[in-house]
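The structure file structure_6.txt is reproduced below (compact mmCIF, C-alpha atoms and all ligand atoms).
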# COMPACT_ATOMS: atom_id res chain seq x y z
CA MET Y 204 0.00 0.00 0.00
CA SER Y 205 1.39 3.35 -0.96
CA ILE Y 206 0.01 5.13 2.10
CA GLY Y 207 1.98 2.79 4.37
CA MET Y 208 -0.85 1.57 6.56
CA LYS Y 209 -1.39 -2.01 7.61
CA ILE Y 210 -4.55 -3.60 6.22
CA PRO Y 211 -6.56 -5.14 9.08
CA GLU Y 212 -6.54 -8.90 8.65
CA ILE Y 213 -9.78 -10.88 8.53
CA LYS Y 214 -9.02 -14.03 10.56
CA MET Y 215 -10.59 -17.30 9.54
CA SER Y 216 -10.21 -20.82 10.89
CA ALA Y 217 -8.58 -23.69 9.02
CA GLU Y 218 -12.00 -25.05 8.04
CA GLU Y 219 -12.93 -21.78 6.35
CA THR Y 220 -10.52 -22.19 3.49
CA GLY Y 221 -10.91 -22.85 -0.20
CA LYS Y 222 -10.79 -20.80 -3.36
CA TRP Y 223 -14.28 -20.33 -4.70
CA GLY Y 224 -15.03 -19.62 -8.33
CA MET Y 225 -17.59 -19.84 -11.07
CA VAL Y 226 -18.00 -20.97 -14.65
CA ILE Y 227 -20.73 -19.27 -16.70
CA ASP Y 228 -21.70 -20.84 -20.01
CA GLN Y 229 -22.86 -18.01 -22.27
CA ASP Y 230 -23.86 -20.49 -24.96
CA ILE Y 231 -26.71 -21.81 -22.84
CA CYS Y 232 -27.70 -18.63 -20.98
CA THR Y 233 -31.07 -17.52 -22.34
CA GLY Y 234 -31.08 -14.13 -20.65
CA CYS Y 235 -34.17 -14.97 -18.60
CA GLN Y 236 -32.88 -13.05 -15.53
CA ALA Y 237 -34.00 -15.67 -13.01
CA CYS Y 238 -30.49 -15.34 -11.56
CA VAL Y 239 -30.99 -11.60 -11.09
CA ALA Y 240 -34.27 -12.12 -9.21
CA ALA Y 241 -32.87 -14.95 -7.06
CA CYS Y 242 -29.82 -12.88 -6.15
CA ALA Y 243 -32.02 -9.95 -5.12
CA MET Y 244 -34.19 -12.15 -2.90
CA GLU Y 245 -31.28 -14.01 -1.31
CA ASN Y 246 -29.22 -10.91 -0.57
CA ASN Y 247 -31.89 -8.38 0.49
CA ILE Y 248 -31.18 -6.22 -2.54
CA THR Y 249 -33.41 -3.21 -2.78
CA PHE Y 250 -35.48 -2.15 -5.78
CA VAL Y 251 -34.81 1.53 -6.28
CA GLY Y 252 -37.74 2.47 -8.48
CA GLU Y 253 -38.01 4.04 -11.89
CA GLU Y 254 -36.55 7.44 -11.08
CA ASP Y 255 -33.31 6.22 -9.48
CA SER Y 256 -32.97 3.52 -12.13
CA GLY Y 257 -33.01 6.33 -14.68
CA TYR Y 258 -29.95 7.77 -12.94
CA GLY Y 259 -28.17 4.39 -13.21
CA ARG Y 260 -28.59 3.68 -9.49
CA SER Y 261 -30.10 0.21 -9.67
CA MET Y 262 -28.68 -2.02 -6.95
CA HIS Y 263 -28.57 -5.45 -8.61
CA TRP Y 264 -25.44 -7.47 -7.86
CA ILE Y 265 -25.74 -9.32 -11.17
CA ARG Y 266 -26.85 -7.95 -14.52
CA ILE Y 267 -27.37 -9.53 -17.93
CA GLU Y 268 -25.39 -7.80 -20.66
CA ARG Y 269 -26.76 -8.37 -24.15
CA PHE Y 270 -24.73 -8.26 -27.34
CA TRP Y 271 -26.27 -7.61 -30.74
CA GLU Y 272 -25.13 -7.55 -34.33
CA GLY Y 273 -26.67 -5.95 -37.39
CA ALA Y 274 -28.53 -2.69 -37.80
CA TYR Y 275 -32.11 -2.08 -36.75
CA PRO Y 276 -34.53 -3.63 -37.66
CA GLU Y 277 -32.31 -6.54 -38.81
CA VAL Y 278 -30.69 -7.08 -35.44
CA LYS Y 279 -29.68 -10.45 -34.07
CA MET Y 280 -28.74 -11.14 -30.47
CA THR Y 281 -25.40 -12.90 -30.31
CA ALA Y 282 -24.83 -13.39 -26.60
CA ASN Y 283 -26.10 -12.93 -23.06
CA GLN Y 284 -23.44 -12.29 -20.53
CA PRO Y 285 -24.28 -12.43 -16.80
CA MET Y 286 -21.93 -9.94 -15.15
CA LEU Y 287 -21.20 -9.91 -11.44
CA CYS Y 288 -18.24 -9.33 -9.12
CA GLN Y 289 -15.38 -11.44 -10.47
CA GLN Y 290 -13.88 -11.86 -6.98
CA CYS Y 291 -10.49 -10.89 -8.42
CA GLY Y 292 -7.26 -12.17 -6.92
CA HIS Y 293 -5.67 -8.74 -7.39
CA ALA Y 294 -8.82 -6.66 -7.16
CA THR Y 295 -8.48 -3.11 -8.42
CA CYS Y 296 -11.19 -1.98 -6.00
CA GLU Y 297 -9.13 -2.87 -2.93
CA PRO Y 298 -6.10 -0.54 -2.93
CA VAL Y 299 -8.19 2.58 -3.58
CA CYS Y 300 -10.45 2.28 -0.54
CA PRO Y 301 -9.24 4.76 2.11
CA ALA Y 302 -11.12 2.94 4.87
CA PHE Y 303 -10.05 -0.64 4.02
CA ALA Y 304 -13.72 -1.49 3.64
CA THR Y 305 -12.99 -3.58 0.56
CA VAL Y 306 -10.43 -6.20 1.51
CA HIS Y 307 -9.26 -9.62 0.45
CA SER Y 308 -9.98 -12.76 2.45
CA GLN Y 309 -6.69 -14.63 2.32
CA ALA Y 310 -8.40 -17.80 3.50
CA GLU Y 311 -11.22 -17.99 0.98
CA GLN Y 312 -9.74 -15.82 -1.75
CA LEU Y 313 -12.86 -13.69 -1.86
CA ASN Y 314 -13.10 -9.94 -2.18
CA LEU Y 315 -14.97 -8.80 0.93
CA GLN Y 316 -16.93 -5.61 1.56
CA VAL Y 317 -17.01 -4.55 5.21
CA TYR Y 318 -20.14 -2.43 5.40
CA ASN Y 319 -19.49 -0.80 8.75
CA ARG Y 320 -16.08 0.44 7.61
CA CYS Y 321 -17.40 1.93 4.36
CA VAL Y 322 -17.52 5.74 4.33
CA GLY Y 323 -19.00 5.97 0.84
CA THR Y 324 -16.22 7.57 -1.19
CA ARG Y 325 -17.12 5.24 -4.11
CA TYR Y 326 -13.47 5.02 -5.21
CA CYS Y 327 -13.87 1.23 -5.37
CA GLY Y 328 -16.86 1.46 -7.71
CA ASN Y 329 -15.01 3.83 -10.00
CA ASN Y 330 -11.95 1.59 -10.07
CA CYS Y 331 -13.84 -1.63 -10.84
CA PRO Y 332 -13.39 -2.47 -14.53
CA TYR Y 333 -16.57 -4.58 -14.47
CA GLN Y 334 -18.75 -1.85 -12.89
CA VAL Y 335 -20.44 -4.35 -10.60
CA ARG Y 336 -20.48 -2.34 -7.38
CA SER Y 337 -23.57 -0.42 -6.36
CA PHE Y 338 -23.95 2.45 -3.95
CA ASN Y 339 -26.87 3.06 -1.61
CA TRP Y 340 -27.90 6.60 -2.43
CA ARG Y 341 -30.80 6.43 -0.01
CA ASP Y 342 -32.25 4.44 2.86
CA TYR Y 343 -34.62 2.61 0.60
CA GLN Y 344 -37.87 1.81 2.40
CA ARG Y 345 -39.78 -1.43 2.00
CA PRO Y 346 -43.47 -1.08 2.85
CA GLU Y 347 -45.01 -3.75 5.10
CA PRO Y 348 -45.14 -6.71 4.74
CA LEU Y 349 -42.06 -6.77 2.47
CA PRO Y 350 -39.53 -6.69 5.36
CA ASN Y 351 -40.84 -10.16 6.30
CA GLN Y 352 -39.08 -11.57 3.30
CA PHE Y 353 -35.60 -10.40 4.36
CA ASN Y 354 -32.98 -13.12 4.55
CA PRO Y 355 -31.90 -13.01 8.22
CA ASP Y 356 -28.41 -14.26 7.27
CA VAL Y 357 -27.68 -11.12 5.24
CA THR Y 358 -27.21 -7.52 6.45
CA VAL Y 359 -29.63 -4.86 5.18
CA ARG Y 360 -27.34 -2.11 3.94
CA ARG Y 361 -27.84 1.53 4.86
CA MET Y 362 -27.52 4.77 2.92
CA GLY Y 363 -23.96 5.73 1.97
CA VAL Y 364 -22.58 2.19 1.75
CA MET Y 365 -21.15 0.40 -1.26
CA GLU Y 366 -22.19 -3.21 -1.89
CA LYS Y 367 -21.66 -6.02 -4.40
CA CYS Y 368 -21.86 -9.77 -4.97
CA THR Y 369 -20.37 -11.89 -2.18
CA PHE Y 370 -20.63 -15.29 -3.91
CA CYS Y 371 -23.43 -15.83 -1.32
CA ILE Y 372 -20.84 -16.00 1.48
CA GLN Y 373 -23.61 -16.75 3.96
CA ARG Y 374 -24.22 -20.03 2.11
CA ILE Y 375 -20.50 -20.80 2.06
CA HIS Y 376 -20.28 -20.34 5.82
CA LYS Y 377 -23.42 -22.35 6.47
CA ALA Y 378 -22.04 -25.28 4.47
CA GLN Y 379 -18.66 -24.97 6.21
CA ASP Y 380 -20.30 -24.93 9.65
CA LYS Y 381 -22.43 -27.98 8.82
CA ALA Y 382 -19.44 -29.90 7.47
CA LYS Y 383 -17.36 -28.96 10.51
CA SER Y 384 -20.05 -30.14 12.93
CA GLU Y 385 -20.18 -33.45 11.04
CA GLY Y 386 -16.39 -33.77 11.02
CA ARG Y 387 -15.95 -33.69 7.26
CA GLU Y 388 -15.02 -31.41 4.37
CA VAL Y 389 -17.59 -29.52 2.31
CA VAL Y 390 -18.57 -31.81 -0.57
CA ASP Y 391 -18.55 -30.42 -4.10
CA GLY Y 392 -22.12 -29.60 -5.15
CA GLU Y 393 -23.43 -29.68 -1.56
CA PHE Y 394 -24.56 -26.09 -1.90
CA THR Y 395 -24.42 -23.37 -4.51
CA THR Y 396 -25.09 -19.68 -4.92
CA ALA Y 397 -28.62 -18.31 -5.33
CA CYS Y 398 -28.03 -17.38 -8.98
CA ALA Y 399 -26.71 -20.83 -9.88
CA GLN Y 400 -29.54 -22.52 -7.98
CA ALA Y 401 -32.20 -20.52 -9.79
CA CYS Y 402 -30.80 -20.78 -13.31
CA PRO Y 403 -33.20 -23.00 -15.32
CA ALA Y 404 -30.54 -23.60 -17.99
CA SER Y 405 -27.78 -24.55 -15.50
CA ALA Y 406 -25.58 -21.93 -17.13
CA ILE Y 407 -23.88 -21.05 -13.83
CA THR Y 408 -21.66 -23.53 -11.96
CA PHE Y 409 -20.13 -22.63 -8.61
CA GLY Y 410 -17.58 -24.47 -6.52
CA ARG Y 411 -14.00 -24.74 -5.34
CA VAL Y 412 -11.55 -23.90 -8.08
CA ASP Y 413 -8.64 -25.12 -5.95
CA ASP Y 414 -10.06 -28.66 -6.09
CA PRO Y 415 -9.12 -30.18 -9.48
CA GLU Y 416 -11.93 -32.75 -9.12
CA SER Y 417 -14.73 -30.22 -8.59
CA LEU Y 418 -17.25 -29.68 -11.37
CA VAL Y 419 -16.30 -26.04 -11.72
CA SER Y 420 -12.60 -26.95 -12.22
CA GLN Y 421 -13.47 -29.69 -14.68
CA LEU Y 422 -15.66 -27.35 -16.74
CA ALA Y 423 -13.01 -24.62 -16.80
CA LYS Y 424 -10.35 -27.14 -17.88
CA LYS Y 425 -12.45 -29.08 -20.38
CA HIS Y 426 -13.46 -26.09 -22.44
CA ALA Y 427 -10.54 -24.51 -24.25
CA HIS Y 428 -12.79 -21.60 -25.23
CA GLY Y 429 -13.13 -20.37 -21.65
CA VAL Y 430 -12.20 -16.73 -21.12
CA LYS Y 431 -11.69 -14.50 -18.12
CA HIS Y 432 -12.85 -11.01 -18.88
CA LEU Y 433 -10.29 -8.19 -18.82
CA GLU Y 434 -7.64 -10.46 -17.30
CA GLU Y 435 -5.06 -8.51 -19.28
CA LEU Y 436 -5.37 -5.93 -16.48
CA GLY Y 437 -3.62 -8.42 -14.18
CA ASN Y 438 -6.54 -8.47 -11.74
CA LEU Y 439 -6.89 -12.31 -11.73
CA PRO Y 440 -10.68 -12.61 -12.15
CA ASN Y 441 -12.21 -15.73 -10.67
CA ILE Y 442 -15.04 -16.38 -13.13
CA THR Y 443 -14.53 -18.28 -16.39
CA TYR Y 444 -16.96 -17.56 -19.23
CA LEU Y 445 -17.58 -20.20 -21.88
CA LYS Y 446 -18.56 -18.92 -25.29
CA GLY Y 447 -18.50 -20.41 -28.78
CA GLY Y 448 -17.81 -24.01 -27.78
S1 LIG A 1 -30.88 -17.56 -14.89
FE1 LIG A 1 -29.37 -18.66 -16.18
S2 LIG A 1 -30.25 -18.56 -18.23
FE2 LIG A 1 -31.34 -17.00 -17.02
S3 LIG A 1 -30.15 -15.12 -17.35
FE3 LIG A 1 -29.31 -16.06 -15.51
S4 LIG A 1 -27.58 -17.29 -16.22
FE4 LIG A 1 -28.83 -16.81 -18.04
Could you take the file, read its structure, and then write that structure out as structure tokens?
Amino acid sequence: MSIGMKIPEIKMSAEETGKWGMVIDQDICTGCQACVAACAMENNITFVGEEDSGYGRSMHWIRIERFWEGAYPEVKMTANQPMLCQQCGHATCEPVCPAFATVHSQAEQLNLQVYNRCVGTRYCGNNCPYQVRSFNWRDYQRPEPLPNQFNPDVTVRRMGVMEKCTFCIQRIHKAQDKAKSEGREVVDGEFTTACAQACPASAITFGRVDDPESLVSQLAKKHAHGVKHLEELGNLPNITYLKGG
């Protein structure tokens, strides 16, 4: 760090290890957005309404990017690309945060966002090449009875705080705790993220990329056409996209 301060370490136990990653098959993604809805429900993501959406302030942690070719009206869609936090190994969002609110978990190799350290400078969002971070411009209200649907395992973020995809870290920890109490390791496929669970086309696969036998590792290895977006920046993204296989 250029400012010479020590980054506070996030301590984790030996059981809470593993490098988590994803493979997204763009060839079978239909763009249905079930993943977007599931992510919003799982992670207490607010719906900002038409006016704030118009200012580009929607809060979704995953979005579907669509690619087209041809000129109107002869346009043809060529690809759907679900875009979410790539949980980079050398995340460009981390060194620019003056409050160390965006930090790396050395144990799980995830890019963490510590909400109660965030002071809302939005440097991280501006320095993310994928533009997958969203900022709470307001304390968005949910009329009754909508608060009843909150996931109690996930914090409800307040105004002035940056947020983004966590790879459903609450699910990771739940699976780790269960495995620990049963004296075993987390089994590949035992749990998955909300987006992967909801995808009707099974376009999203989640798992441990440090386990060569896991499905996610096998998929990434098997398909030579897998790409990691913008990896030329040296940010070591953790999601492999399959396209044109
Ligand atoms: S749910 Fe699956 S098929 Fe639908 S948009 Fe998301 S990744 Fe694509």
Which residues sit within 8 Å of ligand LIG 1 (chain A), counting all atoms listed in the file, listed as a list of chain:residue names?
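Counting all atoms listed in the file, the residues within 8 Å of ligand LIG 1 (chain A) come out as Y:Ile227, Y:Asp228, Y:Gln229, Y:Ile231, Y:Cys232, Y:Thr233, Y:Gly234, Y:Cys235, Y:Gln236, Y:Ala237, Y:Cys238, Y:Val239, Y:Ile267, Y:Asn283, Y:Gln284, Y:Pro285, Y:Cys398, Y:Ala399, Y:Ala401, Y:Cys402, Y:Pro403, Y:Ala404, Y:Ser405, Y:Ala406, Y:Ile407.
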Pairwise distance for atom CA of Y:Glu393 and atom CA of Y:Lys446, rounded to one decimal in Å
26.5 Å
Interatomic distance (Å, one decimal) between atom CA of Y:Pro415 and atom CA of Y:Val389
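So the answer is 14.5 Å.
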Between atom CA of Y:Gly292 and atom CA of Y:Val306 - distance in Å to one decimal:
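Atom CA of Y:Val306 sits 10.8 Å away from atom CA of Y:Gly292.
Remark: for Y:Leu436, the closest of the candidate residues Y:Asn330, Y:Val251, Y:Ala282, Y:Leu315 is Y:Asn330 (distances computed over all atoms listed in the file).
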Tell me which protein, DNA and RNA residues are within 9 Å of Y:Val419, counting only C-alpha atoms, leaving out same-chain ones fewer than 5 positions away, and put them as a PyMOL selection string.
chain Y and resi 224-226+408-412+414+424
Of the listed residues Y:Tyr318, Y:Phe250, Y:Phe370, Y:Phe394, that which approaches Y:Asn441 most closely, counting all atoms listed in the file:
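Closest to Y:Asn441 of all the choices is Y:Phe370.
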Could you give me, as an MDAnalysis selection string, the residues that sit within 7 Å of (-13.4, -16.7, -24.3) in the file's coordinates, counting only C-alpha atoms?
chainID Y and resid 428:431 444:446
Counting all atoms listed in the file, figure out which residue out of Y:Gln352, Y:Asn319, Y:Thr249, Y:Thr295 gets nearest to Y:Val364.
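Using all atoms listed in the file, Y:Val364 sits closest to Y:Asn319.
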Of the residues Y:Asp230, Y:Val335, Y:Arg341, Y:Ser384, which is the one nearest to Y:Asp255, using all atoms listed in the file?
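Comparing Y:Asp230, Y:Val335, Y:Arg341, Y:Ser384 against Y:Asp255, the winner is Y:Arg341.
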What would stretch 376-391 of chain Y look like if you wrote it out as a PDB file, in the first residue's frame, with all heavy atoms included, from the block I just posted?
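Everything below was put into decode08.pdb:
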ATOM      1  N   HIS Y 376     -20.532 -20.137   4.386  1.00  0.00           N
ATOM      2  CA  HIS Y 376     -20.277 -20.336   5.818  1.00  0.00           C
ATOM      3  C   HIS Y 376     -21.229 -21.358   6.418  1.00  0.00           C
ATOM      4  O   HIS Y 376     -20.840 -22.134   7.284  1.00  0.00           O
ATOM      5  CB  HIS Y 376     -20.385 -19.000   6.549  1.00  0.00           C
ATOM      6  CG  HIS Y 376     -19.214 -18.101   6.274  1.00  0.00           C
ATOM      7  ND1 HIS Y 376     -19.188 -16.773   6.574  1.00  0.00           N
ATOM      8  CD2 HIS Y 376     -18.014 -18.366   5.683  1.00  0.00           C
ATOM      9  CE1 HIS Y 376     -18.023 -16.248   6.206  1.00  0.00           C
ATOM     10  NE2 HIS Y 376     -17.305 -17.194   5.658  1.00  0.00           N
ATOM     11  N   LYS Y 377     -22.466 -21.368   5.947  1.00  0.00           N
ATOM     12  CA  LYS Y 377     -23.420 -22.350   6.469  1.00  0.00           C
ATOM     13  C   LYS Y 377     -22.960 -23.772   6.127  1.00  0.00           C
ATOM     14  O   LYS Y 377     -22.984 -24.671   6.961  1.00  0.00           O
ATOM     15  CB  LYS Y 377     -24.817 -22.077   5.874  1.00  0.00           C
ATOM     16  CG  LYS Y 377     -25.931 -22.747   6.641  1.00  0.00           C
ATOM     17  CD  LYS Y 377     -27.285 -22.359   6.078  1.00  0.00           C
ATOM     18  CE  LYS Y 377     -27.957 -21.322   6.935  1.00  0.00           C
ATOM     19  NZ  LYS Y 377     -29.326 -21.019   6.544  1.00  0.00           N
ATOM     20  N   ALA Y 378     -22.515 -23.956   4.883  1.00  0.00           N
ATOM     21  CA  ALA Y 378     -22.039 -25.284   4.466  1.00  0.00           C
ATOM     22  C   ALA Y 378     -20.775 -25.670   5.231  1.00  0.00           C
ATOM     23  O   ALA Y 378     -20.603 -26.829   5.641  1.00  0.00           O
ATOM     24  CB  ALA Y 378     -21.766 -25.284   2.960  1.00  0.00           C
ATOM     25  N   GLN Y 379     -19.887 -24.687   5.456  1.00  0.00           N
ATOM     26  CA  GLN Y 379     -18.655 -24.972   6.206  1.00  0.00           C
ATOM     27  C   GLN Y 379     -18.979 -25.355   7.649  1.00  0.00           C
ATOM     28  O   GLN Y 379     -18.401 -26.288   8.199  1.00  0.00           O
ATOM     29  CB  GLN Y 379     -17.738 -23.753   6.174  1.00  0.00           C
ATOM     30  CG  GLN Y 379     -17.042 -23.575   4.838  1.00  0.00           C
ATOM     31  CD  GLN Y 379     -16.313 -22.247   4.730  1.00  0.00           C
ATOM     32  OE1 GLN Y 379     -16.692 -21.261   5.362  1.00  0.00           O
ATOM     33  NE2 GLN Y 379     -15.287 -22.206   3.920  1.00  0.00           N
ATOM     34  N   ASP Y 380     -19.924 -24.628   8.261  1.00  0.00           N
ATOM     35  CA  ASP Y 380     -20.296 -24.930   9.654  1.00  0.00           C
ATOM     36  C   ASP Y 380     -20.909 -26.320   9.763  1.00  0.00           C
ATOM     37  O   ASP Y 380     -20.617 -27.076  10.691  1.00  0.00           O
ATOM     38  CB  ASP Y 380     -21.296 -23.881  10.176  1.00  0.00           C
ATOM     39  CG  ASP Y 380     -20.636 -22.533  10.397  1.00  0.00           C
ATOM     40  OD1 ASP Y 380     -19.390 -22.477  10.374  1.00  0.00           O
ATOM     41  OD2 ASP Y 380     -21.359 -21.535  10.572  1.00  0.00           O
ATOM     42  N   LYS Y 381     -21.773 -26.669   8.798  1.00  0.00           N
ATOM     43  CA  LYS Y 381     -22.431 -27.983   8.817  1.00  0.00           C
ATOM     44  C   LYS Y 381     -21.384 -29.093   8.664  1.00  0.00           C
ATOM     45  O   LYS Y 381     -21.388 -30.072   9.409  1.00  0.00           O
ATOM     46  CB  LYS Y 381     -23.451 -28.053   7.675  1.00  0.00           C
ATOM     47  CG  LYS Y 381     -24.260 -29.323   7.628  1.00  0.00           C
ATOM     48  CD  LYS Y 381     -25.467 -29.135   6.716  1.00  0.00           C
ATOM     49  CE  LYS Y 381     -26.370 -30.353   6.702  1.00  0.00           C
ATOM     50  NZ  LYS Y 381     -25.922 -31.381   5.795  1.00  0.00           N
ATOM     51  N   ALA Y 382     -20.471 -28.888   7.701  1.00  0.00           N
ATOM     52  CA  ALA Y 382     -19.438 -29.904   7.466  1.00  0.00           C
ATOM     53  C   ALA Y 382     -18.550 -30.056   8.695  1.00  0.00           C
ATOM     54  O   ALA Y 382     -18.204 -31.177   9.097  1.00  0.00           O
ATOM     55  CB  ALA Y 382     -18.605 -29.509   6.245  1.00  0.00           C
ATOM     56  N   LYS Y 383     -18.226 -28.922   9.322  1.00  0.00           N
ATOM     57  CA  LYS Y 383     -17.359 -28.956  10.509  1.00  0.00           C
ATOM     58  C   LYS Y 383     -18.049 -29.722  11.638  1.00  0.00           C
ATOM     59  O   LYS Y 383     -17.435 -30.553  12.312  1.00  0.00           O
ATOM     60  CB  LYS Y 383     -17.068 -27.519  10.945  1.00  0.00           C
ATOM     61  CG  LYS Y 383     -16.053 -27.390  12.048  1.00  0.00           C
ATOM     62  CD  LYS Y 383     -15.849 -25.914  12.341  1.00  0.00           C
ATOM     63  CE  LYS Y 383     -14.978 -25.706  13.550  1.00  0.00           C
ATOM     64  NZ  LYS Y 383     -14.902 -24.296  13.920  1.00  0.00           N
ATOM     65  N   SER Y 384     -19.350 -29.466  11.833  1.00  0.00           N
ATOM     66  CA  SER Y 384     -20.052 -30.142  12.926  1.00  0.00           C
ATOM     67  C   SER Y 384     -20.188 -31.636  12.649  1.00  0.00           C
ATOM     68  O   SER Y 384     -20.355 -32.433  13.565  1.00  0.00           O
ATOM     69  CB  SER Y 384     -21.434 -29.516  13.150  1.00  0.00           C
ATOM     70  OG  SER Y 384     -22.257 -29.776  12.035  1.00  0.00           O
ATOM     71  N   GLU Y 385     -20.100 -32.024  11.385  1.00  0.00           N
ATOM     72  CA  GLU Y 385     -20.182 -33.453  11.045  1.00  0.00           C
ATOM     73  C   GLU Y 385     -18.798 -34.057  10.825  1.00  0.00           C
ATOM     74  O   GLU Y 385     -18.678 -35.209  10.380  1.00  0.00           O
ATOM     75  CB  GLU Y 385     -21.051 -33.626   9.783  1.00  0.00           C
ATOM     76  CG  GLU Y 385     -22.513 -33.262  10.042  1.00  0.00           C
ATOM     77  CD  GLU Y 385     -23.347 -33.204   8.758  1.00  0.00           C
ATOM     78  OE1 GLU Y 385     -22.794 -33.469   7.667  1.00  0.00           O
ATOM     79  OE2 GLU Y 385     -24.542 -32.880   8.869  1.00  0.00           O
ATOM     80  N   GLY Y 386     -17.760 -33.276  11.090  1.00  0.00           N
ATOM     81  CA  GLY Y 386     -16.386 -33.765  11.016  1.00  0.00           C
ATOM     82  C   GLY Y 386     -15.947 -34.164   9.622  1.00  0.00           C
ATOM     83  O   GLY Y 386     -15.284 -35.183   9.425  1.00  0.00           O
ATOM     84  N   ARG Y 387     -16.316 -33.384   8.642  1.00  0.00           N
ATOM     85  CA  ARG Y 387     -15.949 -33.694   7.259  1.00  0.00           C
ATOM     86  C   ARG Y 387     -15.678 -32.418   6.499  1.00  0.00           C
ATOM     87  O   ARG Y 387     -15.865 -31.322   7.032  1.00  0.00           O
ATOM     88  CB  ARG Y 387     -17.072 -34.484   6.572  1.00  0.00           C
ATOM     89  CG  ARG Y 387     -18.376 -33.711   6.540  1.00  0.00           C
ATOM     90  CD  ARG Y 387     -19.467 -34.421   5.782  1.00  0.00           C
ATOM     91  NE  ARG Y 387     -20.721 -33.678   5.864  1.00  0.00           N
ATOM     92  CZ  ARG Y 387     -21.045 -32.640   5.109  1.00  0.00           C
ATOM     93  NH1 ARG Y 387     -20.219 -32.216   4.198  1.00  0.00           N
ATOM     94  NH2 ARG Y 387     -22.198 -32.024   5.254  1.00  0.00           N
ATOM     95  N   GLU Y 388     -15.242 -32.567   5.247  1.00  0.00           N
ATOM     96  CA  GLU Y 388     -15.022 -31.409   4.371  1.00  0.00           C
ATOM     97  C   GLU Y 388     -16.318 -31.079   3.635  1.00  0.00           C
ATOM     98  O   GLU Y 388     -17.179 -31.948   3.475  1.00  0.00           O
ATOM     99  CB  GLU Y 388     -13.955 -31.748   3.337  1.00  0.00           C
ATOM    100  CG  GLU Y 388     -12.588 -31.976   3.920  1.00  0.00           C
ATOM    101  CD  GLU Y 388     -11.589 -30.949   3.455  1.00  0.00           C
ATOM    102  OE1 GLU Y 388     -11.702 -30.512   2.297  1.00  0.00           O
ATOM    103  OE2 GLU Y 388     -10.724 -30.584   4.254  1.00  0.00           O
ATOM    104  N   VAL Y 389     -16.441 -29.869   3.154  1.00  0.00           N
ATOM    105  CA  VAL Y 389     -17.591 -29.519   2.310  1.00  0.00           C
ATOM    106  C   VAL Y 389     -17.479 -30.314   1.011  1.00  0.00           C
ATOM    107  O   VAL Y 389     -16.422 -30.358   0.382  1.00  0.00           O
ATOM    108  CB  VAL Y 389     -17.602 -28.006   1.998  1.00  0.00           C
ATOM    109  CG1 VAL Y 389     -18.730 -27.654   1.054  1.00  0.00           C
ATOM    110  CG2 VAL Y 389     -17.699 -27.196   3.280  1.00  0.00           C
ATOM    111  N   VAL Y 390     -18.570 -30.983   0.636  1.00  0.00           N
ATOM    112  CA  VAL Y 390     -18.573 -31.813  -0.569  1.00  0.00           C
ATOM    113  C   VAL Y 390     -18.938 -30.946  -1.774  1.00  0.00           C
ATOM    114  O   VAL Y 390     -19.823 -30.084  -1.676  1.00  0.00           O
ATOM    115  CB  VAL Y 390     -19.601 -32.962  -0.414  1.00  0.00           C
ATOM    116  CG1 VAL Y 390     -19.645 -33.841  -1.654  1.00  0.00           C
ATOM    117  CG2 VAL Y 390     -19.290 -33.784   0.824  1.00  0.00           C
ATOM    118  N   ASP Y 391     -18.261 -31.188  -2.884  1.00  0.00           N
ATOM    119  CA  ASP Y 391     -18.552 -30.418  -4.098  1.00  0.00           C
ATOM    120  C   ASP Y 391     -20.023 -30.607  -4.493  1.00  0.00           C
ATOM    121  O   ASP Y 391     -20.521 -31.732  -4.538  1.00  0.00           O
ATOM    122  CB  ASP Y 391     -17.641 -30.895  -5.243  1.00  0.00           C
ATOM    123  CG  ASP Y 391     -17.809 -30.021  -6.481  1.00  0.00           C
ATOM    124  OD1 ASP Y 391     -17.917 -28.791  -6.325  1.00  0.00           O
ATOM    125  OD2 ASP Y 391     -17.841 -30.574  -7.593  1.00  0.00           O
TER     126      ASP Y 391
END
